[in-house]
Structures are given as C-alpha cells and as structure tokens.
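Engineer: This is the structure I have questions about; it appears just below.
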Amino acid sequence: MSTVGPDNYNWGAAKRFRLIIREQGQSREMGGNEMSLAVGIVDNIMMQALDTKASDIHLQPERDQLRIRFRQDGVLHDNGQLPPEQAANVLARLKLSAGMRIDEQREPQDGRIDMEYDGRRLAARASCVPTLNGEKFVMRLLDPSAMKVDLETLGMPADVKDLWVKAVQVPYGLILVTGPTGSGKTSTLYASLNQLDSKRRNIVTVEDPVEYEFDHNIAQVQVTEKVGFPRVMRSFLRQDPDVMMVGEIRDPESLAIAIQAGLTGHLVLSTLHTNNAIESIGRMVDMGGESYLISGVLVAIMAQRLVRRNCPKCAEPFPYAREDLEQLGIGANDMAGAKLMKGKGCPECRGTGFKGRIGVYELIMGNRDLKQAIWKEQGYTELLEVARKQGFRSMLEDGKAKVLAGITTPDEVMKAVLTQAVD
C-alpha cells in the first residue's frame, strides 16, 4: 500500500471486515456508511495488517500527512500515508471504535477495539497520544488463534523444553519468564498454561491487559488503575486457586503476594523485566524479597528473546564474515556440519529475507544447589557457576546453535542478546 485513497482500496471490505462495539455487555456492529471514505480506509488498513500478520499498526502524524506503519516480525515497515483531510476522519472512527472520547485531543487515551474478519473474532489494544503534529494512534493486534501456540513451536531446545514442562507440572512454587517488552514472554506463559489440566485445576489469570481469551475453565481478570495487581491477587487467593498466572510482577507488594502464594500451595507463573535469568534473583532481592523465601519458592526462571527466522523460500548458503561469526563465539571448530544460511528476499517474505520469529532461551532450575546459593546470598558469578553445573546455556549460546543450524543470522542474534554479548 503506497497511499491509501479512493482509487486503491476495496469498497467491499466491510463485507469481510466489521468493527464491533460493546455497550453494557451487548455487542453490535459499528455503524457507518459503507461508501464513506473513512470507513473504507479503516477497514483496508486493518485488513492489510491482518493479512500480512502485522503485530502492531502505527498511525504517525507528520506536518503534511499521517504516516501508516506496520510492525512485522518485530520491525516497523512503511505502509503508506494519508493526507490530513482524510486522517482526521480515520482517527475519529478509530477512537470511537476504541471507546475513546473524540473531542479529547490533549490527554492520552487507551481503549480496546473488537472486530470480526473472515468469521474470526479479533481485538486490538489501542493507545492515542497527542504529539506536536497531532494525535499518534497505535494498535496492538490480538489474534485468539495465536494464543493456541504450542510449546513445540516456540523453538526451545529439546532439553530446555523437557525441563520446562516438568517445571510447570509441579504442584506449587514460583515460575518466572523474563525479558524485555516484545520478547514473547506472554506466548510462553499461555503455551505453558495450555499444558495444564484446567478441568481438574482451578486456573486464574491477572493481566494488564487481557491479550487473549481462553475458551474454557480459566478465569481472567483485567487490572485497572483502581484495581491493581496486588488487590486482584489477594482476592484470587480467596477463590481456592491451584494455578495463578500474573501478567507481570511490577512492585514489591505483588512480589510478596506471589512468593507467599507459592509457599502456601499454589503454583504462580509470572514475568519480570530483567536482562537474563540469573539477574532475576538479584532483582527480586532489590524489590524486597527475602533470600530465604526466594530460595524456598523458586521452581524455574526462563529468559528469552525473539529473533527473525530465515525465509524458508529464499534462504540459501551464505559466507558470513569471520568477524561476524567470532562475535557469537563461532570458531573453526564449530564449522563442521554447520549450515550458515541467509534469505536473499522474495515475494513470500516481502523482500526482507525473514519470515516469522523464533525464541532464543536460557533456563535455570531451582534445584538444591541453586536454592542453597540463593539462601547464602551469593553473587552473580557464584550463581552462574551453580547454573553451569546443572547444564545451563546462555541465550547467546542458544542463538549460536540456531545460526549454525541455518535458522537465523548472526546479526539477528547479536541484536537480540546484545547485553549478553557485552558481558
């Protein structure tokens, strides 16, 4: 899509795509003249984003236009622009569909857009922020079919996956997934919940926001400004839970409740923002967690990043420079049987050479030695030594293995785990 305009968008889009308004618990199709320019443009933007499997839509106001960008496989791509006279009506329709105030243009607003496309029910998390040249509107597309991801497809090494499956089957304790925003933590947690028996166990989730809705037997709560994580977590502990998934441990109070829940017979799965798995232990101590309690409750910590996969249609053997390989620790001894590949670009991958993403992982298990090291408040180096004895491999090492297997490129791994490389 170069420029979105009346000459090159699909006037029949509304028949395949519908915006849904939720009012007082009832859902209905959002009104609007099908021949209206703004209706057609909005439908087309959404359809193109869904067809190209974009994760986010950015509508960026500039001095003389509204730039449209899609995030695909973690990277933003230009996808056209709108003149100011069309942009105002498009933003008004999107704000209305997200439950935002159209007349409010000075304060940030958040909302949720519900939609149907080709018979599928979808949603988008929307954010509108006033900027120098107008309002910037960003949508995170949420596809329920993406929730049904299987642990098998995430890209965990076989030994890591086996240990992780054992970890999520324990009856109680604390399990953490760590990494920056957009590293696939939520997908890992959802895939892990799908491993559990929701018929015989009471599973509850506390999320901000609820990105995907489970079909059966799992109660999900969206936190708000008035009702935060700690309050919902405390309430859920009176609901006889077996498993509690907490979207993110953000504050000392949430951490204290999660630790107490894990120690009193509940399995708690959550996320934390740290650079790697071992740093998560220090982070919990910094947040007020007692070392002896952390050592008693910890089951496993997974750290992860996402890297783009080489396009299977156009990937071909590629002679990477020695410097690029050495940055990952790949030497002559590693080259036996290596399949170094790179996508040259084709219509299938929109000329990028990449299609889809895969995770790189590191996992530490809360075995007896690690628990003892945490209880003794040992430092990073000592904890790393204990982890190495249980077979720990860093994300950088997992990325190196995926490069040697031809799955991704050295540059992708370096960008994803740069903090590890600097260490």
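By convention in this document, the chains of the structure tokens carry letters A, B, ... by their order, each chain's residues are numbered from 1, and ligands are numbered from 1 in the order they are shown.
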Quick one: residues within 12 Å of Arg200 (chain A), only C-alpha atoms counted, chain neighbours fewer than 2 positions away excluded, as JSON, numbers by chain?
Structural biologist: {"A": [196, 197, 198, 202, 203, 216, 217, 218, 241, 242, 243]}
Engineer: Could you list, as number ranges by chain, every residue within 9 Å of region 74-90 of chain A, counting only C-alpha atoms and ignoring same-chain residues fewer than 5 positions away?
Structural biologist: A: 1-5, 37-39, 41-42, 54-59, 61, 63-69, 95, 182, 306-308, 357
Engineer: Would you mind telling me which residue in A:Leu269, A:Ala256, A:Val299, A:Cys349 lies nearest to Lys185 (chain A) when using only C-alpha atoms?
Structural biologist: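 The closest residue to Lys185 (chain A) is A:Leu269.
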Engineer: Choose the residue, out of A:Thr52, A:Ser394, A:Thr408, A:Thr264, that has the smallest atom-to-atom separation from Glu348 (chain A); count only C-alpha atoms.
Structural biologist: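 Of all the options, A:Thr52 lies closest to Glu348 (chain A).
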Engineer: Report as a list in words all protein, DNA and RNA residues lying within 9 Å of Asn275 (chain A), evaluated on only C-alpha atoms, omitting residues in the same chain fewer than 3 positions from it.
Structural biologist: Thr178, Gly179, Pro180, Ile278, Glu279, Ser280, Ala303, Val417, Thr419 and Gln420 of chain A
Engineer: For each of A:Leu363, A:Leu328, A:Ser183, A:Gly391, take the minimum atom-to-atom distance to Val413 (chain A), counting only C-alpha atoms, then give the residue where this is smallest.
Structural biologist: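 Comparing A:Leu363, A:Leu328, A:Ser183, A:Gly391 against Val413 (chain A), the winner is A:Leu328.
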Engineer: DSSP on the backbone, strand (DSSP E or B) only: what residues of region 206-420 of chain A does that give? Format it as an NGL selection string.
Structural biologist: :A and (206-207 or 218-222 or 243-246 or 267-272 or 298-310 or 315-317 or 341-343 or 354-365)
Engineer: Which residue, A:Gly155, A:Gly296, A:Gly329, A:Gly173, has the smallest gap to Lys400 (chain A) when you use only C-alpha atoms?
Structural biologist: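 Smallest separation from Lys400 (chain A) among the options: A:Gly329.
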Engineer: Between CA of Val177 (chain A) and CA of Phe392 (chain A), what distance in Å does the model show, to one decimal?
Structural biologist: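 So the two atoms, CA of Val177 (chain A) and CA of Phe392 (chain A), lie 15.5 Å apart.
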Engineer: Running DSSP on the backbone, which parts of region 218-351 of chain A land in alpha helix (DSSP H), as a PDB file with N, CA and C atoms, in the first residue's frame?
Structural biologist:
ATOM      1  N   PHE A 229      -2.706  -5.047  40.428  1.00  0.00           N
ATOM      2  CA  PHE A 229      -2.287  -6.443  40.584  1.00  0.00           C
ATOM      3  C   PHE A 229      -2.415  -6.945  42.020  1.00  0.00           C
ATOM      4  N   PRO A 230      -1.880  -6.220  43.031  1.00  0.00           N
ATOM      5  CA  PRO A 230      -1.944  -6.761  44.399  1.00  0.00           C
ATOM      6  C   PRO A 230      -3.367  -7.039  44.873  1.00  0.00           C
ATOM      7  N   ARG A 231      -4.281  -6.124  44.577  1.00  0.00           N
ATOM      8  CA  ARG A 231      -5.652  -6.304  45.065  1.00  0.00           C
ATOM      9  C   ARG A 231      -6.323  -7.511  44.410  1.00  0.00           C
ATOM     10  N   VAL A 232      -6.132  -7.659  43.088  1.00  0.00           N
ATOM     11  CA  VAL A 232      -6.738  -8.805  42.399  1.00  0.00           C
ATOM     12  C   VAL A 232      -6.092 -10.102  42.887  1.00  0.00           C
ATOM     13  N   MET A 233      -4.775 -10.098  43.077  1.00  0.00           N
ATOM     14  CA  MET A 233      -4.079 -11.305  43.538  1.00  0.00           C
ATOM     15  C   MET A 233      -4.588 -11.731  44.906  1.00  0.00           C
ATOM     16  N   ARG A 234      -4.783 -10.757  45.802  1.00  0.00           N
ATOM     17  CA  ARG A 234      -5.295 -11.095  47.132  1.00  0.00           C
ATOM     18  C   ARG A 234      -6.700 -11.684  47.041  1.00  0.00           C
ATOM     19  N   SER A 235      -7.514 -11.096  46.185  1.00  0.00           N
ATOM     20  CA  SER A 235      -8.878 -11.604  46.022  1.00  0.00           C
ATOM     21  C   SER A 235      -8.867 -13.019  45.459  1.00  0.00           C
ATOM     22  N   PHE A 236      -8.000 -13.264  44.493  1.00  0.00           N
ATOM     23  CA  PHE A 236      -7.949 -14.590  43.877  1.00  0.00           C
ATOM     24  C   PHE A 236      -7.504 -15.661  44.876  1.00  0.00           C
ATOM     25  N   LEU A 237      -6.647 -15.292  45.826  1.00  0.00           N
ATOM     26  CA  LEU A 237      -6.193 -16.279  46.804  1.00  0.00           C
ATOM     27  C   LEU A 237      -7.330 -16.759  47.696  1.00  0.00           C
ATOM     28  N   PRO A 252       7.010  -4.344  44.843  1.00  0.00           N
ATOM     29  CA  PRO A 252       7.299  -5.215  45.987  1.00  0.00           C
ATOM     30  C   PRO A 252       6.065  -5.922  46.541  1.00  0.00           C
ATOM     31  N   GLU A 253       4.919  -5.255  46.519  1.00  0.00           N
ATOM     32  CA  GLU A 253       3.701  -5.863  47.073  1.00  0.00           C
ATOM     33  C   GLU A 253       3.275  -7.078  46.261  1.00  0.00           C
ATOM     34  N   SER A 254       3.306  -6.946  44.925  1.00  0.00           N
ATOM     35  CA  SER A 254       2.944  -8.081  44.061  1.00  0.00           C
ATOM     36  C   SER A 254       3.916  -9.234  44.264  1.00  0.00           C
ATOM     37  N   LEU A 255       5.216  -8.913  44.388  1.00  0.00           N
ATOM     38  CA  LEU A 255       6.216  -9.963  44.588  1.00  0.00           C
ATOM     39  C   LEU A 255       5.972 -10.689  45.911  1.00  0.00           C
ATOM     40  N   ALA A 256       5.684  -9.933  46.959  1.00  0.00           N
ATOM     41  CA  ALA A 256       5.448 -10.554  48.267  1.00  0.00           C
ATOM     42  C   ALA A 256       4.250 -11.502  48.221  1.00  0.00           C
ATOM     43  N   ILE A 257       3.187 -11.074  47.542  1.00  0.00           N
ATOM     44  CA  ILE A 257       1.988 -11.930  47.448  1.00  0.00           C
ATOM     45  C   ILE A 257       2.293 -13.178  46.626  1.00  0.00           C
ATOM     46  N   ALA A 258       3.045 -12.996  45.505  1.00  0.00           N
ATOM     47  CA  ALA A 258       3.389 -14.143  44.651  1.00  0.00           C
ATOM     48  C   ALA A 258       4.231 -15.154  45.424  1.00  0.00           C
ATOM     49  N   ILE A 259       5.204 -14.675  46.201  1.00  0.00           N
ATOM     50  CA  ILE A 259       6.052 -15.577  46.980  1.00  0.00           C
ATOM     51  C   ILE A 259       5.227 -16.311  48.035  1.00  0.00           C
ATOM     52  N   GLN A 260       4.381 -15.585  48.745  1.00  0.00           N
ATOM     53  CA  GLN A 260       3.558 -16.224  49.773  1.00  0.00           C
ATOM     54  C   GLN A 260       2.610 -17.247  49.161  1.00  0.00           C
ATOM     55  N   ALA A 261       2.041 -16.919  47.997  1.00  0.00           N
ATOM     56  CA  ALA A 261       1.139 -17.857  47.323  1.00  0.00           C
ATOM     57  C   ALA A 261       1.890 -19.124  46.930  1.00  0.00           C
ATOM     58  N   GLY A 262       3.112 -18.948  46.402  1.00  0.00           N
ATOM     59  CA  GLY A 262       3.904 -20.112  46.007  1.00  0.00           C
ATOM     60  C   GLY A 262       4.305 -20.976  47.180  1.00  0.00           C
ATOM     61  N   LEU A 263       4.511 -20.341  48.340  1.00  0.00           N
ATOM     62  CA  LEU A 263       4.912 -21.093  49.535  1.00  0.00           C
ATOM     63  C   LEU A 263       3.738 -21.788  50.213  1.00  0.00           C
ATOM     64  N   GLU A 279      20.018 -12.718  36.695  1.00  0.00           N
ATOM     65  CA  GLU A 279      19.778 -11.374  37.237  1.00  0.00           C
ATOM     66  C   GLU A 279      18.411 -11.263  37.906  1.00  0.00           C
ATOM     67  N   SER A 280      17.474 -12.147  37.551  1.00  0.00           N
ATOM     68  CA  SER A 280      16.127 -12.088  38.135  1.00  0.00           C
ATOM     69  C   SER A 280      16.172 -12.303  39.640  1.00  0.00           C
ATOM     70  N   ILE A 281      17.126 -13.105  40.104  1.00  0.00           N
ATOM     71  CA  ILE A 281      17.233 -13.378  41.543  1.00  0.00           C
ATOM     72  C   ILE A 281      17.601 -12.094  42.280  1.00  0.00           C
ATOM     73  N   GLY A 282      18.619 -11.369  41.785  1.00  0.00           N
ATOM     74  CA  GLY A 282      19.004 -10.095  42.381  1.00  0.00           C
ATOM     75  C   GLY A 282      17.892  -9.071  42.298  1.00  0.00           C
ATOM     76  N   ARG A 283      17.154  -9.102  41.189  1.00  0.00           N
ATOM     77  CA  ARG A 283      16.045  -8.156  41.027  1.00  0.00           C
ATOM     78  C   ARG A 283      14.972  -8.386  42.088  1.00  0.00           C
ATOM     79  N   MET A 284      14.668  -9.642  42.383  1.00  0.00           N
ATOM     80  CA  MET A 284      13.663  -9.930  43.412  1.00  0.00           C
ATOM     81  C   MET A 284      14.147  -9.476  44.783  1.00  0.00           C
ATOM     82  N   VAL A 285      15.444  -9.641  45.058  1.00  0.00           N
ATOM     83  CA  VAL A 285      16.008  -9.171  46.330  1.00  0.00           C
ATOM     84  C   VAL A 285      15.911  -7.649  46.411  1.00  0.00           C
ATOM     85  N   ASP A 286      16.225  -6.957  45.300  1.00  0.00           N
ATOM     86  CA  ASP A 286      16.113  -5.488  45.255  1.00  0.00           C
ATOM     87  C   ASP A 286      14.683  -5.022  45.510  1.00  0.00           C
ATOM     88  N   SER A 291      15.881 -13.480  50.770  1.00  0.00           N
ATOM     89  CA  SER A 291      16.627 -14.530  50.075  1.00  0.00           C
ATOM     90  C   SER A 291      16.154 -15.922  50.469  1.00  0.00           C
ATOM     91  N   TYR A 292      15.872 -16.129  51.765  1.00  0.00           N
ATOM     92  CA  TYR A 292      15.469 -17.471  52.200  1.00  0.00           C
ATOM     93  C   TYR A 292      14.086 -17.846  51.663  1.00  0.00           C
ATOM     94  N   LEU A 293      13.214 -16.837  51.468  1.00  0.00           N
ATOM     95  CA  LEU A 293      11.896 -17.106  50.885  1.00  0.00           C
ATOM     96  C   LEU A 293      12.009 -17.385  49.388  1.00  0.00           C
ATOM     97  N   ILE A 294      12.858 -16.599  48.695  1.00  0.00           N
ATOM     98  CA  ILE A 294      13.057 -16.815  47.254  1.00  0.00           C
ATOM     99  C   ILE A 294      13.624 -18.209  47.013  1.00  0.00           C
ATOM    100  N   SER A 295      14.606 -18.607  47.833  1.00  0.00           N
ATOM    101  CA  SER A 295      15.202 -19.939  47.646  1.00  0.00           C
ATOM    102  C   SER A 295      14.182 -21.034  47.905  1.00  0.00           C
ATOM    103  N   GLY A 296      13.257 -20.789  48.817  1.00  0.00           N
ATOM    104  CA  GLY A 296      12.258 -21.808  49.135  1.00  0.00           C
ATOM    105  C   GLY A 296      11.172 -21.948  48.090  1.00  0.00           C
ATOM    106  N   VAL A 297      10.858 -20.871  47.390  1.00  0.00           N
ATOM    107  CA  VAL A 297       9.702 -20.890  46.485  1.00  0.00           C
ATOM    108  C   VAL A 297      10.081 -21.109  45.027  1.00  0.00           C
ATOM    109  N   ARG A 322      34.221 -13.541   8.971  1.00  0.00           N
ATOM    110  CA  ARG A 322      34.761 -14.188  10.161  1.00  0.00           C
ATOM    111  C   ARG A 322      34.497 -13.366  11.416  1.00  0.00           C
ATOM    112  N   GLU A 323      34.544 -12.022  11.271  1.00  0.00           N
ATOM    113  CA  GLU A 323      34.317 -11.151  12.424  1.00  0.00           C
ATOM    114  C   GLU A 323      32.901 -11.324  12.974  1.00  0.00           C
ATOM    115  N   ASP A 324      31.915 -11.451  12.050  1.00  0.00           N
ATOM    116  CA  ASP A 324      30.523 -11.624  12.471  1.00  0.00           C
ATOM    117  C   ASP A 324      30.348 -12.912  13.272  1.00  0.00           C
ATOM    118  N   LEU A 325      31.006 -13.978  12.814  1.00  0.00           N
ATOM    119  CA  LEU A 325      30.887 -15.269  13.485  1.00  0.00           C
ATOM    120  C   LEU A 325      31.619 -15.260  14.825  1.00  0.00           C
ATOM    121  N   GLU A 326      32.770 -14.596  14.863  1.00  0.00           N
ATOM    122  CA  GLU A 326      33.557 -14.570  16.104  1.00  0.00           C
ATOM    123  C   GLU A 326      32.841 -13.812  17.215  1.00  0.00           C
ATOM    124  N   GLN A 327      32.015 -12.823  16.827  1.00  0.00           N
ATOM    125  CA  GLN A 327      31.237 -12.099  17.840  1.00  0.00           C
ATOM    126  C   GLN A 327      30.311 -13.034  18.601  1.00  0.00           C
TER     127      GLN A 327
END
Engineer: As a list in words, please: the residues near Met335 (chain A) (cut-off 12 Å, only C-alpha atoms, same-chain neighbours under 3 positions excluded).
Structural biologist: Pro319, Tyr320, Arg322, Leu325, Glu326, Gly329, Ile330, Gly331, Ala332, Ala338, Lys339, Leu340, Lys400, Ala401, Val403, Leu404, Ala405 and Gly406 of chain A
Engineer: Produce a file of the selected residues containing C-alpha atoms, as a PDB file, in the first residue's frame.
Structural biologist:
ATOM      1  CA  PRO A 319      29.582 -16.986   3.620  1.00  0.00           C
ATOM      2  CA  TYR A 320      29.430 -14.737   6.692  1.00  0.00           C
ATOM      3  CA  ARG A 322      34.761 -14.188  10.161  1.00  0.00           C
ATOM      4  CA  LEU A 325      30.887 -15.269  13.485  1.00  0.00           C
ATOM      5  CA  GLU A 326      33.557 -14.570  16.104  1.00  0.00           C
ATOM      6  CA  GLY A 329      31.880 -17.225  19.634  1.00  0.00           C
ATOM      7  CA  ILE A 330      31.747 -19.326  16.458  1.00  0.00           C
ATOM      8  CA  GLY A 331      35.222 -20.590  15.581  1.00  0.00           C
ATOM      9  CA  ALA A 332      36.730 -23.088  13.158  1.00  0.00           C
ATOM     10  CA  ALA A 338      27.275 -26.066  10.032  1.00  0.00           C
ATOM     11  CA  LYS A 339      24.562 -24.750   7.672  1.00  0.00           C
ATOM     12  CA  LEU A 340      25.050 -20.974   7.560  1.00  0.00           C
ATOM     13  CA  LYS A 400      24.811 -19.528  18.213  1.00  0.00           C
ATOM     14  CA  ALA A 401      23.312 -23.024  17.812  1.00  0.00           C
ATOM     15  CA  VAL A 403      22.822 -19.728  13.485  1.00  0.00           C
ATOM     16  CA  LEU A 404      24.859 -22.909  12.902  1.00  0.00           C
ATOM     17  CA  ALA A 405      21.612 -24.727  12.072  1.00  0.00           C
ATOM     18  CA  GLY A 406      20.714 -22.097   9.431  1.00  0.00           C
TER      19      GLY A 406
END
Engineer: Excluding Thr131 (chain A) and its own-chain neighbours fewer than 4 positions away, which residues fall within 12 Å of it when counting only C-alpha atoms? Please give them as JSON, numbers by chain.
Structural biologist: {"A": [59, 60, 61, 62, 63, 105, 106, 107, 108, 135, 136, 137]}
Engineer: Using only C-alpha atoms, which residue out of A:Asp251, A:Glu316, A:Glu104, A:Asp398 lies closest to Gly289 (chain A)?
Structural biologist: A:Asp251
Engineer: Using only C-alpha atoms, I'd like a table of the residues in region 281-354 of chain A that come within 12 Å of region 160-167 of chain A; for each, show the closest atom pair and its distance in Å rounded to one decimal, ordered by chain and ascending number, as a tab-separated table.
Structural biologist:
residue	atom	partner	partner_atom	distance
A:Leu298	CA	A:Ala167	CA	10.2
A:Val299	CA	A:Ala167	CA	6.5
A:Ala300	CA	A:Ala167	CA	6.6
A:Ile301	CA	A:Trp164	CA	9.2
A:Met302	CA	A:Trp164	CA	8.4
A:Ala303	CA	A:Val160	CA	11.4
A:Gln304	CA	A:Val160	CA	11.8
Engineer: Next, the residues of the selection above should be written as a PDB file, in the first residue's frame with all heavy atoms.
Structural biologist:
ATOM      1  N   LEU A 298      11.331 -20.833  44.650  1.00  0.00           N
ATOM      2  CA  LEU A 298      11.697 -20.805  43.228  1.00  0.00           C
ATOM      3  C   LEU A 298      11.698 -22.201  42.594  1.00  0.00           C
ATOM      4  O   LEU A 298      12.317 -23.130  43.115  1.00  0.00           O
ATOM      5  CB  LEU A 298      13.076 -20.171  43.061  1.00  0.00           C
ATOM      6  CG  LEU A 298      13.522 -19.908  41.621  1.00  0.00           C
ATOM      7  CD1 LEU A 298      12.617 -18.887  40.952  1.00  0.00           C
ATOM      8  CD2 LEU A 298      14.969 -19.430  41.589  1.00  0.00           C
ATOM      9  N   VAL A 299      11.008 -22.319  41.462  1.00  0.00           N
ATOM     10  CA  VAL A 299      10.984 -23.574  40.697  1.00  0.00           C
ATOM     11  C   VAL A 299      11.857 -23.454  39.449  1.00  0.00           C
ATOM     12  O   VAL A 299      12.688 -24.317  39.176  1.00  0.00           O
ATOM     13  CB  VAL A 299       9.539 -23.942  40.284  1.00  0.00           C
ATOM     14  CG1 VAL A 299       9.529 -25.201  39.407  1.00  0.00           C
ATOM     15  CG2 VAL A 299       8.659 -24.143  41.506  1.00  0.00           C
ATOM     16  N   ALA A 300      11.687 -22.374  38.682  1.00  0.00           N
ATOM     17  CA  ALA A 300      12.464 -22.201  37.449  1.00  0.00           C
ATOM     18  C   ALA A 300      12.373 -20.754  36.989  1.00  0.00           C
ATOM     19  O   ALA A 300      11.390 -20.062  37.268  1.00  0.00           O
ATOM     20  CB  ALA A 300      11.951 -23.121  36.351  1.00  0.00           C
ATOM     21  N   ILE A 301      13.423 -20.305  36.279  1.00  0.00           N
ATOM     22  CA  ILE A 301      13.407 -18.980  35.639  1.00  0.00           C
ATOM     23  C   ILE A 301      13.860 -19.159  34.196  1.00  0.00           C
ATOM     24  O   ILE A 301      14.938 -19.695  33.929  1.00  0.00           O
ATOM     25  CB  ILE A 301      14.346 -17.974  36.337  1.00  0.00           C
ATOM     26  CG1 ILE A 301      14.009 -17.834  37.813  1.00  0.00           C
ATOM     27  CG2 ILE A 301      14.250 -16.605  35.645  1.00  0.00           C
ATOM     28  CD1 ILE A 301      14.952 -16.906  38.574  1.00  0.00           C
ATOM     29  N   MET A 302      13.024 -18.700  33.276  1.00  0.00           N
ATOM     30  CA  MET A 302      13.340 -18.733  31.847  1.00  0.00           C
ATOM     31  C   MET A 302      13.567 -17.302  31.359  1.00  0.00           C
ATOM     32  O   MET A 302      12.765 -16.408  31.630  1.00  0.00           O
ATOM     33  CB  MET A 302      12.172 -19.348  31.063  1.00  0.00           C
ATOM     34  CG  MET A 302      12.319 -19.267  29.557  1.00  0.00           C
ATOM     35  SD  MET A 302      13.169 -20.687  28.902  1.00  0.00           S
ATOM     36  CE  MET A 302      11.837 -21.887  28.905  1.00  0.00           C
ATOM     37  N   ALA A 303      14.689 -17.074  30.659  1.00  0.00           N
ATOM     38  CA  ALA A 303      14.904 -15.790  29.987  1.00  0.00           C
ATOM     39  C   ALA A 303      14.844 -16.043  28.486  1.00  0.00           C
ATOM     40  O   ALA A 303      15.257 -17.111  28.017  1.00  0.00           O
ATOM     41  CB  ALA A 303      16.257 -15.207  30.357  1.00  0.00           C
ATOM     42  N   GLN A 304      14.298 -15.089  27.737  1.00  0.00           N
ATOM     43  CA  GLN A 304      14.144 -15.310  26.303  1.00  0.00           C
ATOM     44  C   GLN A 304      14.173 -14.017  25.506  1.00  0.00           C
ATOM     45  O   GLN A 304      13.959 -12.930  26.037  1.00  0.00           O
ATOM     46  CB  GLN A 304      12.845 -16.057  26.029  1.00  0.00           C
ATOM     47  CG  GLN A 304      11.572 -15.300  26.367  1.00  0.00           C
ATOM     48  CD  GLN A 304      10.327 -16.109  26.041  1.00  0.00           C
ATOM     49  OE1 GLN A 304       9.931 -16.978  26.798  1.00  0.00           O
ATOM     50  NE2 GLN A 304       9.716 -15.812  24.901  1.00  0.00           N
TER      51      GLN A 304
END
Engineer: How far is it from CA of Gly359 (chain A) to CA of Ala277 (chain A), in Å with one decimal?
Structural biologist: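 We find that CA of Gly359 (chain A) and CA of Ala277 (chain A) lie 14.6 Å from each other.
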Engineer: Just the number, please: distance in Å from CA of Glu412 (chain A) to CA of Arg309 (chain A), one decimal.
Structural biologist: 8.8 Å
Engineer: Within 8 Å of Ala387 (chain A), counting only C-alpha atoms, which residues show up once you throw out same-chain ones fewer than 3 positions away? Write them as a list of chain:residue names, please.
Structural biologist: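 My reading of the contact set: A:Ile364, A:Met365, A:Leu370, A:Leu383, A:Leu384, A:Gln390, A:Gly391, A:Phe392.
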Engineer: Let me make sure I understand: among A:Leu154, A:Ala124, A:Leu19, A:Val204, which one has the smallest atom-to-atom distance to Gly356 (chain A) if we use only C-alpha atoms?
Structural biologist: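 Closest candidate: A:Leu154.
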Engineer: Residues near Tyr172 (chain A), anyone? I mean within 7 Å using only C-alpha atoms, not counting same-chain ones fewer than 2 positions away, as a ChimeraX atom specification.
Structural biologist: /A:170,262,265-267
